[in-house]
Structure formats: structure tokens, C-alpha cells
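First comes the structure, then the notes that go with it.
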Amino acid sequence: MENLKYSWKIENFLKKNTENLENVIYSITWTRTAVDPTNNIPTSICSTIPLEVPVNAEGFVPYEQLTEQNIIAWLDENTDHEKLNKRLWDQIEHNRSLVHAPSFPWN
């Protein structure tokens with residue numbers, strides 16, 4: 001599993017206003033992709049993760065100041081990397097066992 005290259009992609013997120021804060025992100029839809037660089041076999045998992053809604057401004061990043069890195073940091077903090085990466089590894093191992101046609105029969 002250590003040779004795989006992993007990446008995140010933010011697909012969507014949901015935001016809402018609370019009594020004290022505006023544009024609070026409370027849910028992120030993401031895709032985690034792993035690529036086996038030896039065989040260039042990719043696989044992905046897409047899911048949604050809920051976030052805890054802050055009750056005050058302590059540690060809150062205003063929506064206008066958010067970056068992709070902020071969102072990815074939240075994903076890193078709120079996902080079980082070992083379990084997720086194992087699922088990706090298992091999918092790559094499965095894909096390796098499939099027979100892939102090297103070309104179309106009409107070429």
C-alpha cells in the first residue's frame with residue numbers, strides 16, 4: 001500500500017447560517033483516489049462526511065477565507081485513513097486480477 005499515490009478532490013459541500021456565524025460548512029462530498037504507479041491502475045471512493053458545526057467564532061474560518069487546503073485538512077482530521085486506504089488498496093488488487101484486453105479486436 002505504501003507505493004500508492006493518493007489525492008483528494010472536493011466534489012461539493014453544504015453550508016448554512018447559524019445564530020452566530022454565516023456560511024458554516026457542515027458537510028463535504030469528496031473523492032479519494034489512489035493510483036498504483038507501477039501499473040498506472042487508478043481507483044476512487046466517493047463519499048460525504050458531516051462536520052461538527054461550531055457554536056462560536058473560536059477557530060472558525062470565514063467562508064471568504066477558505067481554501068481547498070482548509071477543506072482537505074478537515075477531511076484529513078475526520079477520516080480513518082488506514083481504513084480508507086485499505087479499501088482503495090483492495091480495489092486496486094481486484095482490478096489487477098481482471099483480464100484487460102490490450103487493444104480492441106478491430107485494430
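Ordering of the C-alpha cells sets the chain letters (A, B, ...), residue numbers begin anew at 1 in every chain, and ligands are numbered from 1 in the order given.
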
Please run DSSP on the backbone and report, as a PyMOL selection string, all residues within chain A that come out as strand (DSSP E). chain A and resi 5-16+24-36+41-50

Would you export the selected residues with C-alpha atoms as a PDB file, in the first residue's frame, please?
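part.pdb, freshly written:
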```pdb
ATOM      1  CA  LYS A   5      -0.208   7.820  -4.711  1.00  0.00           C
ATOM      2  CA  TYR A   6      -3.258   9.332  -3.021  1.00  0.00           C
ATOM      3  CA  SER A   7      -5.191  12.504  -3.733  1.00  0.00           C
ATOM      4  CA  TRP A   8      -8.353  14.262  -2.564  1.00  0.00           C
ATOM      5  CA  LYS A   9     -10.910  16.020  -4.724  1.00  0.00           C
ATOM      6  CA  ILE A  10     -13.622  18.185  -3.205  1.00  0.00           C
ATOM      7  CA  GLU A  11     -16.840  17.466  -5.092  1.00  0.00           C
ATOM      8  CA  ASN A  12     -19.250  19.638  -3.126  1.00  0.00           C
ATOM      9  CA  PHE A  13     -20.027  20.982   0.316  1.00  0.00           C
ATOM     10  CA  LEU A  14     -23.087  22.225   2.143  1.00  0.00           C
ATOM     11  CA  LYS A  15     -23.201  25.408   4.192  1.00  0.00           C
ATOM     12  CA  LYS A  16     -25.703  27.144   6.408  1.00  0.00           C
ATOM     13  CA  VAL A  24     -20.786  27.408   8.047  1.00  0.00           C
ATOM     14  CA  ILE A  25     -19.725  24.290   6.141  1.00  0.00           C
ATOM     15  CA  TYR A  26     -21.363  21.263   7.716  1.00  0.00           C
ATOM     16  CA  SER A  27     -20.949  18.558   5.062  1.00  0.00           C
ATOM     17  CA  ILE A  28     -18.280  17.741   2.459  1.00  0.00           C
ATOM     18  CA  THR A  29     -18.637  15.409  -0.514  1.00  0.00           C
ATOM     19  CA  TRP A  30     -15.232  14.131  -1.570  1.00  0.00           C
ATOM     20  CA  THR A  31     -13.410  11.672  -3.772  1.00  0.00           C
ATOM     21  CA  ARG A  32     -10.234   9.915  -2.626  1.00  0.00           C
ATOM     22  CA  THR A  33      -8.173   8.470  -5.471  1.00  0.00           C
ATOM     23  CA  ALA A  34      -5.280   6.046  -5.312  1.00  0.00           C
ATOM     24  CA  VAL A  35      -3.004   5.225  -8.230  1.00  0.00           C
ATOM     25  CA  ASP A  36      -0.594   2.328  -8.426  1.00  0.00           C
ATOM     26  CA  ILE A  41      -4.085   1.436 -12.080  1.00  0.00           C
ATOM     27  CA  PRO A  42      -6.374   4.064 -10.510  1.00  0.00           C
ATOM     28  CA  THR A  43      -9.347   3.619  -8.243  1.00  0.00           C
ATOM     29  CA  SER A  44     -11.538   6.038  -6.321  1.00  0.00           C
ATOM     30  CA  ILE A  45     -14.019   6.194  -3.499  1.00  0.00           C
ATOM     31  CA  CYS A  46     -16.581   8.965  -3.230  1.00  0.00           C
ATOM     32  CA  SER A  47     -18.425   9.765  -0.023  1.00  0.00           C
ATOM     33  CA  THR A  48     -19.854  12.523   2.154  1.00  0.00           C
ATOM     34  CA  ILE A  49     -18.687  13.403   5.632  1.00  0.00           C
ATOM     35  CA  PRO A  50     -20.599  15.522   8.154  1.00  0.00           C
TER      36      PRO A  50
END
```

Which of segment 35-102 of chain A end up as helix (DSSP H, G or I) when DSSP is run on this backbone - answer as a ChimeraX atom specification? /A:63-65,68-78,81-97

Exercise: Arg96 of chain A partners within 9 Å, only C-alpha atoms, chain neighbours under 4 positions left out, as a PyMOL selection string: chain A and resi 39+41+91-92+100

Store the residues of this selection in a file with N, CA and C atoms, as an mmCIF file, in the first residue's frame.
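Listed below is the output, again.cif:
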```
data_model
loop_
_atom_site.group_PDB
_atom_site.id
_atom_site.type_symbol
_atom_site.label_atom_id
_atom_site.label_comp_id
_atom_site.auth_asym_id
_atom_site.auth_seq_id
_atom_site.Cartn_x
_atom_site.Cartn_y
_atom_site.Cartn_z
ATOM 1 N N ASN A 39 1.671 0.066 -12.335
ATOM 2 C CA ASN A 39 0.781 -0.359 -13.419
ATOM 3 C C ASN A 39 -0.171 0.741 -13.874
ATOM 4 N N ILE A 41 -2.717 1.863 -12.354
ATOM 5 C CA ILE A 41 -4.085 1.436 -12.080
ATOM 6 C C ILE A 41 -4.696 2.396 -11.057
ATOM 7 N N GLN A 91 -9.365 -2.515 -3.804
ATOM 8 C CA GLN A 91 -9.934 -2.303 -5.140
ATOM 9 C C GLN A 91 -8.849 -2.414 -6.213
ATOM 10 N N ILE A 92 -7.686 -1.865 -5.947
ATOM 11 C CA ILE A 92 -6.587 -1.957 -6.916
ATOM 12 C C ILE A 92 -6.162 -3.409 -7.087
ATOM 13 N N HIS A 100 -7.460 -7.542 -18.859
ATOM 14 C CA HIS A 100 -7.689 -6.346 -19.671
ATOM 15 C C HIS A 100 -7.263 -6.640 -21.105
#
```

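Our summary of the geometry notes that atom CA of Thr18 of chain A is positioned 24.6 Å from atom CA of Asp76 of chain A.
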
Show me, as a list in words, the residues that have an atom within 10 Å of segment 62-66 of chain A when counting only C-alpha atoms, minus same-chain residues fewer than 2 positions from it. Lys15, Leu21, Glu22, Asn23, Val24, Ile25, Ala57, Gly59, Phe60, Glu68, Gln69, Asn70 and Ile71 of chain A

Keeping N, CA and C atoms, export the residues of the selection given above as a PDB file, in the first residue's frame.
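Below you can see out33.pdb, which holds the result:
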```pdb
ATOM      1  N   LYS A  15     -23.431  24.370   3.187  1.00  0.00           N
ATOM      2  CA  LYS A  15     -23.201  25.408   4.192  1.00  0.00           C
ATOM      3  C   LYS A  15     -24.536  25.964   4.663  1.00  0.00           C
ATOM      4  N   LEU A  21     -22.939  32.588  13.292  1.00  0.00           N
ATOM      5  CA  LEU A  21     -21.996  32.511  12.185  1.00  0.00           C
ATOM      6  C   LEU A  21     -22.717  32.367  10.850  1.00  0.00           C
ATOM      7  N   GLU A  22     -22.075  32.856   9.787  1.00  0.00           N
ATOM      8  CA  GLU A  22     -22.642  32.739   8.449  1.00  0.00           C
ATOM      9  C   GLU A  22     -21.796  31.792   7.602  1.00  0.00           C
ATOM     10  N   ASN A  23     -22.464  31.113   6.693  1.00  0.00           N
ATOM     11  CA  ASN A  23     -21.796  30.230   5.731  1.00  0.00           C
ATOM     12  C   ASN A  23     -20.911  29.187   6.411  1.00  0.00           C
ATOM     13  N   VAL A  24     -21.498  28.464   7.328  1.00  0.00           N
ATOM     14  CA  VAL A  24     -20.786  27.408   8.047  1.00  0.00           C
ATOM     15  C   VAL A  24     -20.877  26.112   7.247  1.00  0.00           C
ATOM     16  N   ILE A  25     -19.732  25.559   6.877  1.00  0.00           N
ATOM     17  CA  ILE A  25     -19.725  24.290   6.141  1.00  0.00           C
ATOM     18  C   ILE A  25     -19.990  23.165   7.129  1.00  0.00           C
ATOM     19  N   ALA A  57     -17.197  31.697  17.255  1.00  0.00           N
ATOM     20  CA  ALA A  57     -16.208  32.047  16.231  1.00  0.00           C
ATOM     21  C   ALA A  57     -14.798  31.532  16.534  1.00  0.00           C
ATOM     22  N   GLY A  59     -11.760  29.571  16.338  1.00  0.00           N
ATOM     23  CA  GLY A  59     -11.242  28.613  15.366  1.00  0.00           C
ATOM     24  C   GLY A  59     -12.008  28.583  14.049  1.00  0.00           C
ATOM     25  N   PHE A  60     -13.055  29.381  13.932  1.00  0.00           N
ATOM     26  CA  PHE A  60     -13.865  29.408  12.721  1.00  0.00           C
ATOM     27  C   PHE A  60     -13.143  30.174  11.618  1.00  0.00           C
ATOM     28  N   GLU A  68      -8.890  25.397  -0.554  1.00  0.00           N
ATOM     29  CA  GLU A  68      -9.005  23.955  -0.745  1.00  0.00           C
ATOM     30  C   GLU A  68      -8.200  23.221   0.331  1.00  0.00           C
ATOM     31  N   GLN A  69      -7.065  23.789   0.706  1.00  0.00           N
ATOM     32  CA  GLN A  69      -6.220  23.170   1.739  1.00  0.00           C
ATOM     33  C   GLN A  69      -6.945  23.097   3.086  1.00  0.00           C
ATOM     34  N   ASN A  70      -7.753  24.108   3.420  1.00  0.00           N
ATOM     35  CA  ASN A  70      -8.555  24.054   4.649  1.00  0.00           C
ATOM     36  C   ASN A  70      -9.498  22.856   4.628  1.00  0.00           C
ATOM     37  N   ILE A  71     -10.191  22.698   3.507  1.00  0.00           N
ATOM     38  CA  ILE A  71     -11.168  21.618   3.391  1.00  0.00           C
ATOM     39  C   ILE A  71     -10.462  20.263   3.451  1.00  0.00           C
TER      40      ILE A  71
END
```

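When atom CA of Ile72 of chain A is paired with atom CA of Glu52 of chain A, their separation reads 15.3 Å.
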
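Between atom CA of Arg87 of chain A and atom CA of Leu4 of chain A there is a distance of 12.4 Å.
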